[in-house]
file input-v4.cif (mmCIF, C-alpha atoms)
data_target
loop_
_atom_site.label_atom_id
_atom_site.label_comp_id
_atom_site.auth_asym_id
_atom_site.auth_seq_id
_atom_site.Cartn_x
_atom_site.Cartn_y
_atom_site.Cartn_z
CA MET A 1 0.00 0.00 0.00
CA THR A 2 1.35 3.45 -0.98
CA ASP A 3 1.25 5.97 1.83
CA ARG A 4 0.09 9.57 1.65
CA SER A 5 3.57 11.10 1.99
CA SER A 6 5.05 9.11 -0.90
CA LEU A 7 2.13 10.02 -3.18
CA ARG A 8 2.52 13.67 -2.19
CA GLY A 9 6.19 13.59 -3.14
CA ALA A 10 5.58 11.88 -6.49
CA PHE A 11 4.77 15.16 -8.24
CA ASP A 12 8.37 16.36 -7.85
CA GLU A 13 9.75 13.41 -9.83
CA ASP A 14 9.04 15.10 -13.19
CA ALA A 15 8.19 18.74 -12.60
CA GLU A 16 8.63 19.70 -16.26
CA LEU A 17 6.08 17.09 -17.34
CA TYR A 18 3.63 18.28 -14.69
CA ASP A 19 4.03 21.89 -15.82
CA ARG A 20 3.55 20.98 -19.47
CA VAL A 21 0.50 18.73 -19.23
CA ARG A 22 -1.62 19.88 -16.29
CA PRO A 23 -4.55 22.01 -17.52
CA GLY A 24 -4.23 25.01 -15.19
CA TYR A 25 -7.27 26.99 -14.07
CA PRO A 26 -9.89 29.22 -15.73
CA GLY A 27 -8.93 32.89 -15.62
CA VAL A 28 -12.38 33.91 -14.37
CA LEU A 29 -11.74 31.91 -11.20
CA PHE A 30 -9.10 34.40 -10.11
CA ASP A 31 -11.35 37.34 -10.95
CA ASP A 32 -14.09 35.81 -8.78
CA LEU A 33 -11.59 35.19 -5.98
CA ALA A 34 -10.42 38.80 -6.06
CA ALA A 35 -14.00 40.10 -6.08
CA VAL A 36 -15.27 37.94 -3.20
CA ALA A 37 -12.15 38.37 -1.08
CA GLY A 38 -11.91 42.09 -1.82
CA LEU A 39 -8.32 41.78 -3.04
CA GLY A 40 -6.67 44.63 -4.90
CA PRO A 41 -3.12 45.23 -6.15
CA GLY A 42 -0.66 44.81 -3.31
CA ALA A 43 -2.81 42.35 -1.34
CA ARG A 44 -0.79 39.77 0.57
CA VAL A 45 -1.52 36.20 -0.53
CA LEU A 46 -0.12 32.95 0.86
CA GLU A 47 -0.29 30.05 -1.58
CA ILE A 48 -0.05 26.51 -0.21
CA GLY A 49 1.43 23.95 -2.59
CA CYS A 50 2.12 26.16 -5.58
CA GLY A 51 3.53 23.33 -7.70
CA THR A 52 5.02 24.82 -10.86
CA GLY A 53 3.13 28.08 -10.45
CA GLN A 54 0.01 27.40 -12.49
CA ALA A 55 -2.15 29.35 -10.05
CA THR A 56 0.66 31.61 -8.85
CA VAL A 57 1.14 33.30 -12.21
CA PRO A 58 -2.49 34.52 -12.52
CA LEU A 59 -2.37 35.66 -8.87
CA ALA A 60 0.80 37.63 -9.58
CA GLU A 61 -0.65 39.04 -12.81
CA ARG A 62 -3.39 40.65 -10.72
CA GLY A 63 -0.82 42.54 -8.71
CA PHE A 64 -0.90 40.48 -5.53
CA ARG A 65 2.20 39.97 -3.39
CA VAL A 66 2.46 36.20 -3.16
CA THR A 67 4.40 33.96 -0.83
CA ALA A 68 4.20 30.49 -2.35
CA VAL A 69 5.15 27.45 -0.26
CA GLU A 70 6.03 24.29 -2.17
CA LEU A 71 7.25 20.95 -0.83
CA GLY A 72 9.08 19.78 -3.96
CA PRO A 73 12.36 21.51 -4.88
CA SER A 74 12.04 20.62 -8.57
CA MET A 75 8.50 22.00 -8.72
CA ALA A 76 9.63 25.14 -6.90
CA ALA A 77 12.49 25.63 -9.40
CA VAL A 78 10.05 25.60 -12.31
CA ALA A 79 7.76 28.00 -10.44
CA ARG A 80 10.64 30.42 -9.78
CA ARG A 81 11.53 30.40 -13.47
CA ARG A 82 7.95 31.13 -14.50
CA LEU A 83 7.58 33.85 -11.87
CA ALA A 84 10.94 35.61 -12.35
CA ARG A 85 9.25 38.65 -13.89
CA PHE A 86 7.21 39.30 -10.72
CA PRO A 87 9.31 40.93 -7.97
CA GLY A 88 6.44 40.65 -5.50
CA VAL A 89 6.47 36.83 -5.53
CA GLU A 90 8.56 34.58 -3.29
CA VAL A 91 8.70 30.79 -3.66
CA VAL A 92 9.70 28.92 -0.49
CA VAL A 93 10.67 25.23 -0.44
CA SER A 94 9.03 23.68 2.61
CA ALA A 95 6.17 21.51 3.77
CA PHE A 96 3.41 23.89 4.82
CA GLU A 97 3.12 21.99 8.09
CA ASP A 98 6.73 22.91 8.98
CA TRP A 99 6.89 26.43 7.58
CA PRO A 100 6.97 29.17 10.27
CA LEU A 101 4.27 31.79 9.71
CA PRO A 102 5.51 35.37 9.38
CA ASP A 103 4.42 38.01 11.86
CA GLU A 104 2.41 39.99 9.28
CA PRO A 105 -0.87 38.21 8.43
CA PHE A 106 -2.13 37.57 4.92
CA ASP A 107 -5.26 38.88 3.20
CA ALA A 108 -5.91 35.51 1.57
CA VAL A 109 -4.64 31.93 1.74
CA VAL A 110 -4.99 30.08 -1.57
CA SER A 111 -4.43 26.40 -2.33
CA ALA A 112 -5.07 25.04 -5.83
CA THR A 113 -5.44 21.26 -6.06
CA ALA A 114 -3.10 20.85 -3.09
CA PHE A 115 -5.03 21.41 0.14
CA HIS A 116 -6.08 17.75 0.42
CA TRP A 117 -2.41 16.76 0.61
CA ILE A 118 -1.82 18.81 3.77
CA ASP A 119 -2.10 17.10 7.16
CA PRO A 120 -5.79 17.66 8.02
CA ALA A 121 -4.86 18.30 11.66
CA VAL A 122 -2.84 21.32 10.49
CA ALA A 123 -4.35 22.61 7.24
CA VAL A 124 -7.38 24.59 8.40
CA VAL A 125 -6.06 25.77 11.78
CA LYS A 126 -2.74 26.99 10.41
CA SER A 127 -4.50 28.67 7.47
CA ALA A 128 -6.68 30.57 9.95
CA GLU A 129 -3.60 31.60 11.93
CA ALA A 130 -1.97 32.88 8.73
CA LEU A 131 -4.93 35.16 7.91
CA ARG A 132 -5.94 38.55 9.22
CA PRO A 133 -9.46 38.69 10.69
CA GLY A 134 -11.84 38.73 7.72
CA GLY A 135 -9.20 37.24 5.42
CA VAL A 136 -10.29 34.53 2.99
CA LEU A 137 -9.24 30.91 2.64
CA ALA A 138 -9.70 29.91 -1.02
CA VAL A 139 -9.39 26.21 -1.89
CA VAL A 140 -9.50 25.08 -5.51
CA GLY A 141 -10.36 21.52 -6.47
CA THR A 142 -10.40 19.85 -9.88
CA HIS A 143 -12.63 16.89 -10.78
CA HIS A 144 -12.92 14.72 -13.89
CA VAL A 145 -16.66 14.62 -14.57
CA ASP A 146 -19.04 13.05 -17.05
CA GLY A 147 -18.78 14.46 -20.55
CA GLY A 148 -16.25 14.64 -23.34
CA SER A 149 -15.38 11.21 -24.76
CA ARG A 150 -17.98 9.28 -22.76
CA ALA A 151 -17.63 6.01 -24.68
CA PHE A 152 -13.84 6.04 -24.29
CA PHE A 153 -14.06 6.50 -20.52
CA ALA A 154 -16.51 3.60 -20.30
CA ASP A 155 -14.27 1.34 -22.38
CA VAL A 156 -11.03 2.33 -20.65
CA GLN A 157 -12.42 0.94 -17.39
CA GLU A 158 -11.46 -2.53 -18.64
CA CYS A 159 -7.80 -1.44 -18.81
CA TYR A 160 -7.89 -0.14 -15.25
CA GLU A 161 -9.62 -3.21 -13.86
CA ARG A 162 -7.01 -5.42 -15.55
CA PHE A 163 -3.89 -3.56 -14.43
CA ASP A 164 -4.88 -1.67 -11.26
CA PRO A 165 -6.49 -3.95 -8.67
CA ALA A 166 -7.61 -0.94 -6.61
CA THR A 167 -10.04 0.13 -9.34
CA PRO A 168 -13.71 -0.18 -8.28
CA PRO A 169 -15.69 -2.28 -10.79
CA GLY A 170 -17.80 -0.29 -13.22
CA LEU A 171 -16.33 3.07 -12.21
CA ARG A 172 -17.60 6.01 -14.27
CA PRO A 173 -17.08 9.78 -14.02
CA ARG A 174 -19.87 11.49 -12.08
CA ALA A 175 -22.01 14.26 -13.48
CA ALA A 176 -20.75 17.63 -12.28
CA ALA A 177 -24.03 18.25 -10.46
CA LEU A 178 -23.40 15.13 -8.34
CA VAL A 179 -20.02 16.28 -7.04
CA PRO A 180 -20.88 17.48 -3.53
CA ALA A 181 -20.04 20.97 -2.35
CA ASP A 182 -18.23 20.08 0.86
CA SER A 183 -17.14 22.63 3.46
CA GLY A 184 -17.06 20.27 6.42
CA GLU A 185 -13.41 20.83 7.30
CA THR A 186 -13.83 24.58 7.70
CA ASP A 187 -17.31 24.33 9.23
CA ARG A 188 -16.06 22.01 11.96
CA SER A 189 -13.06 24.19 12.78
CA GLY A 190 -15.09 27.07 14.22
CA ARG A 191 -12.53 29.43 12.70
CA PHE A 192 -14.37 30.31 9.48
CA GLY A 193 -17.76 31.55 8.35
CA PRO A 194 -20.06 29.92 5.75
CA ALA A 195 -18.45 28.76 2.53
CA VAL A 196 -19.20 30.28 -0.88
CA PHE A 197 -18.76 28.04 -3.94
CA HIS A 198 -18.05 28.97 -7.56
CA ARG A 199 -17.91 26.23 -10.21
CA TYR A 200 -16.51 26.18 -13.72
CA GLU A 201 -16.80 23.44 -16.37
CA ARG A 202 -14.77 22.98 -19.54
CA GLU A 203 -13.68 20.29 -21.98
CA LEU A 204 -10.09 19.88 -23.17
CA PRO A 205 -8.94 17.71 -26.11
CA TYR A 206 -5.86 15.47 -26.05
CA THR A 207 -4.02 13.39 -28.60
CA THR A 208 -3.23 9.88 -27.39
CA GLY A 209 0.32 10.87 -26.51
CA GLU A 210 -0.80 13.99 -24.67
CA TYR A 211 -3.36 12.02 -22.70
CA LEU A 212 -0.83 9.41 -21.60
CA ASP A 213 1.54 12.19 -20.52
CA LEU A 214 -1.30 13.67 -18.49
CA LEU A 215 -1.88 10.31 -16.79
CA LEU A 216 1.82 10.14 -15.91
CA SER A 217 1.44 13.40 -13.99
CA TYR A 218 -1.05 11.77 -11.59
CA SER A 219 0.39 10.37 -8.38
CA ASN A 220 -1.78 7.23 -8.38
CA HIS A 221 -0.55 6.25 -11.86
CA ARG A 222 3.08 6.92 -10.95
CA ALA A 223 2.70 4.83 -7.80
CA LEU A 224 1.73 1.67 -9.70
CA PRO A 225 4.45 -1.00 -10.00
CA ALA A 226 6.34 -0.45 -13.27
CA ALA A 227 4.99 -3.53 -15.03
CA ARG A 228 1.38 -2.70 -14.16
CA ARG A 229 1.85 0.95 -15.13
CA GLU A 230 3.39 0.06 -18.50
CA GLY A 231 0.64 -2.47 -19.17
CA LEU A 232 -2.04 0.05 -18.28
CA LEU A 233 -0.58 2.75 -20.51
CA ALA A 234 -0.16 0.32 -23.42
CA CYS A 235 -3.79 -0.76 -23.03
CA ILE A 236 -5.00 2.84 -23.00
CA TRP A 237 -2.82 3.72 -25.99
CA ALA A 238 -4.22 0.82 -28.04
CA LEU A 239 -7.79 1.76 -27.13
CA ALA A 240 -7.43 5.50 -27.83
CA ASP A 241 -5.53 5.04 -31.08
CA GLY A 242 -7.32 1.95 -32.34
CA ARG A 243 -10.93 2.77 -31.53
CA TYR A 244 -11.10 6.53 -30.98
CA GLY A 245 -8.89 7.97 -33.69
CA GLY A 246 -6.14 9.13 -31.38
CA ARG A 247 -8.23 11.81 -29.69
CA VAL A 248 -9.65 11.97 -26.15
CA VAL A 249 -11.76 14.81 -24.75
CA LYS A 250 -11.82 15.17 -20.97
CA ARG A 251 -14.41 17.25 -19.10
CA TYR A 252 -13.26 19.09 -15.98
CA LEU A 253 -15.11 20.64 -13.09
CA THR A 254 -13.05 23.23 -11.25
CA GLU A 255 -14.44 24.34 -7.90
CA LEU A 256 -13.46 27.43 -5.92
CA ARG A 257 -14.46 27.30 -2.24
CA MET A 258 -14.06 30.51 -0.25
CA THR A 259 -14.51 30.96 3.48
CA ARG A 260 -13.79 34.06 5.56
CA ARG A 261 -11.87 33.91 8.81
CA LEU A 262 -14.03 34.88 11.77
#
call {"tool": "encode", "arguments": {"input": "input-v4.cif", "output": "structure tokens"}}
result
Amino acid sequence: MTDRSSLRGAFDEDAELYDRVRPGYPGVLFDDLAAVAGLGPGARVLEIGCGTGQATVPLAERGFRVTAVELGPSMAAVARRRLARFPGVEVVVSAFEDWPLPDEPFDAVVSATAFHWIDPAVAVVKSAEALRPGGVLAVVGTHHVDGGSRAFFADVQECYERFDPATPPGLRPRAAALVPADSGETDRSGRFGPAVFHRYERELPYTTGEYLDLLLSYSNHRALPAARREGLLACIWALADGRYGGRVVKRYLTELRMTRRL
């Protein structure tokens, strides 16, 4: 069984691949974040788990002063390269759990597709401690949902069931409307007010090669034993190229959850 810490560290194994293939985030998400949180140029933002800077760049483009904390040194190096033109951005290599908070509080804490990797005993409480009263915690999640190449995603289940024994039988992507809006972790903390949710859906096309590269950026695929992983990828390649003309369309739901520190 692969533990949480090893999966969390898997992203740093090929930071350039991650940066190239991950889809990023809709620009309107950052406009909505700025509007709800009341952030203007010069606002102080702490980003947890910045990866290669896919959310950091649009934050910096809006004039925010960003301190980005990233566990993986290779990911952080790519982020620094992408963010070199923004003097108001600092990328720090550290686990968020271990990073000492500065004396000056932040106007917003942002985490894009990374908050679930943080120790749940630390994530919400330390985020609250990092914020000024009234500051906003913004958590972004990305989900693969029903849509796009529906028949392909039904057929590819056979590949997963053959090569990944952890795959639930008959697994299918959920409709976006069935993905629950969950604010339990902040509600239970007593440190934040009611959550506000914004949701964005889009479909992105991939060639077979691009889609396999995308899969190799996912920690659960990288964690498979080499023989199983190679068998799975070969099975998916044969299916996508042989039956679907070398093109896969994937539908994404991106969710922005915002809660204000009490």
call {"tool": "residues_around", "arguments": {"input": "input-v4.cif", "residues": "Arg257 (chain A)", "least_positions_apart": "6", "cutoff": "10 Å", "atoms": "only C-alpha atoms", "output": "JSON, numbers by chain"}}
result
{"A": [33, 110, 136, 137, 138, 139, 140, 141, 181, 182, 183, 195, 196, 197, 198, 199]}
call {"tool": "closest_residue", "arguments": {"input": "input-v4.cif", "among": "A:Ile118, A:Ala166, A:Val156, A:Leu256", "to": "Leu239 (chain A)", "atoms": "all atoms listed in the file"}}
result
A:Val156
call {"tool": "resolve_selection", "arguments": {"input": "input-v4.cif", "expression": "the PyMOL selection byres ((chain A and resi 144) around 9)", "output": "list of chain:residue names"}}
result
A:Thr142, A:His143, A:Val145, A:Asp146, A:Gly147, A:Pro173, A:Arg174, A:Ala176, A:Lys250, A:Arg251, A:Tyr252, A:Leu253, A:Thr254
call {"tool": "residues_around", "arguments": {"input": "input-v4.cif", "residues": "Leu71 (chain A)", "least_positions_apart": "4", "cutoff": "8 Å", "atoms": "all atoms listed in the file", "output": "VMD selection string"}}
result
chain A and resid 9 49 76 93 to 96
call {"tool": "write_last_selection", "arguments": {"input": "input-v4.cif", "atoms": "C-alpha atoms", "output": "compact mmCIF listing (two decimals), in the coordinates of the input"}}
result
# COMPACT_ATOMS: atom_id res chain seq x y z
CA GLY A 9 6.19 13.59 -3.14
CA GLY A 49 1.43 23.95 -2.59
CA ALA A 76 9.63 25.14 -6.90
CA VAL A 93 10.67 25.23 -0.44
CA SER A 94 9.03 23.68 2.61
CA ALA A 95 6.17 21.51 3.77
CA PHE A 96 3.41 23.89 4.82
call {"tool": "resolve_selection", "arguments": {"input": "input-v4.cif", "expression": "the PyMOL selection byres ((chain A and resi 135) around 9)", "output": "PyMOL selection string"}}
result
chain A and resi 37+105-109+128+131-134+136-137+259-262
call {"tool": "atom_distance", "arguments": {"input": "input-v4.cif", "atom1": "CA of Ala55 (chain A)", "atom2": "CA of Ala112 (chain A)"}}
result
6.7 Å
call {"tool": "closest_residue", "arguments": {"input": "input-v4.cif", "among": "A:Asp241, A:Glu203, A:Glu16, A:Asp164", "to": "Arg81 (chain A)", "atoms": "all atoms listed in the file"}}
result
A:Glu16
call {"tool": "closest_residue", "arguments": {"input": "input-v4.cif", "among": "A:His116, A:Ala175, A:Glu210, A:Arg191", "to": "Arg20 (chain A)", "atoms": "all atoms listed in the file"}}
result
A:Glu210
call {"tool": "atom_distance", "arguments": {"input": "input-v4.cif", "atom1": "CA of Ala114 (chain A)", "atom2": "CA of Val69 (chain A)"}}
result
10.9 Å
call {"tool": "closest_residue", "arguments": {"input": "input-v4.cif", "among": "A:Arg188, A:Ala35, A:Gly53, A:Val66", "to": "Arg22 (chain A)", "atoms": "only C-alpha atoms"}}
result
A:Gly53
call {"tool": "atom_distance", "arguments": {"input": "input-v4.cif", "atom1": "CA of Gly38 (chain A)", "atom2": "CA of Val125 (chain A)"}}
result
22.0 Å
call {"tool": "residues_around", "arguments": {"input": "input-v4.cif", "residues": "Glu104 (chain A)", "least_positions_apart": "6", "cutoff": "12 Å", "atoms": "only C-alpha atoms", "output": "list in words"}}
result
Arg44, Val45, Leu46, Thr67, Glu129, Ala130, Leu131 and Arg132 of chain A
call {"tool": "residues_near_point", "arguments": {"input": "input-v4.cif", "point": "(-8.2, 31.3, -13.1)", "cutoff": "10 Å", "atoms": "only C-alpha atoms", "output": "PyMOL selection string"}}
result
chain A and resi 24-33+54-59+140+200+254+256
call {"tool": "residues_near_point", "arguments": {"input": "input-v4.cif", "point": "(-18.2, -0.9, -12.8)", "cutoff": "9 Å", "atoms": "all atoms listed in the file", "output": "mmCIF file with C-alpha atoms, in the coordinates of the input"}}
result
data_model
loop_
_atom_site.group_PDB
_atom_site.id
_atom_site.type_symbol
_atom_site.label_atom_id
_atom_site.label_comp_id
_atom_site.auth_asym_id
_atom_site.auth_seq_id
_atom_site.Cartn_x
_atom_site.Cartn_y
_atom_site.Cartn_z
ATOM 1 C CA ALA A 154 -16.510 3.600 -20.300
ATOM 2 C CA GLN A 157 -12.420 0.940 -17.390
ATOM 3 C CA GLU A 161 -9.620 -3.210 -13.860
ATOM 4 C CA THR A 167 -10.040 0.130 -9.340
ATOM 5 C CA PRO A 168 -13.710 -0.180 -8.280
ATOM 6 C CA PRO A 169 -15.690 -2.280 -10.790
ATOM 7 C CA GLY A 170 -17.800 -0.290 -13.220
ATOM 8 C CA LEU A 171 -16.330 3.070 -12.210
ATOM 9 C CA ARG A 172 -17.600 6.010 -14.270
#
call {"tool": "closest_residue", "arguments": {"input": "input-v4.cif", "among": "A:Phe192, A:Trp99, A:Thr52, A:Val78", "to": "Val122 (chain A)", "atoms": "only C-alpha atoms"}}
result
A:Trp99
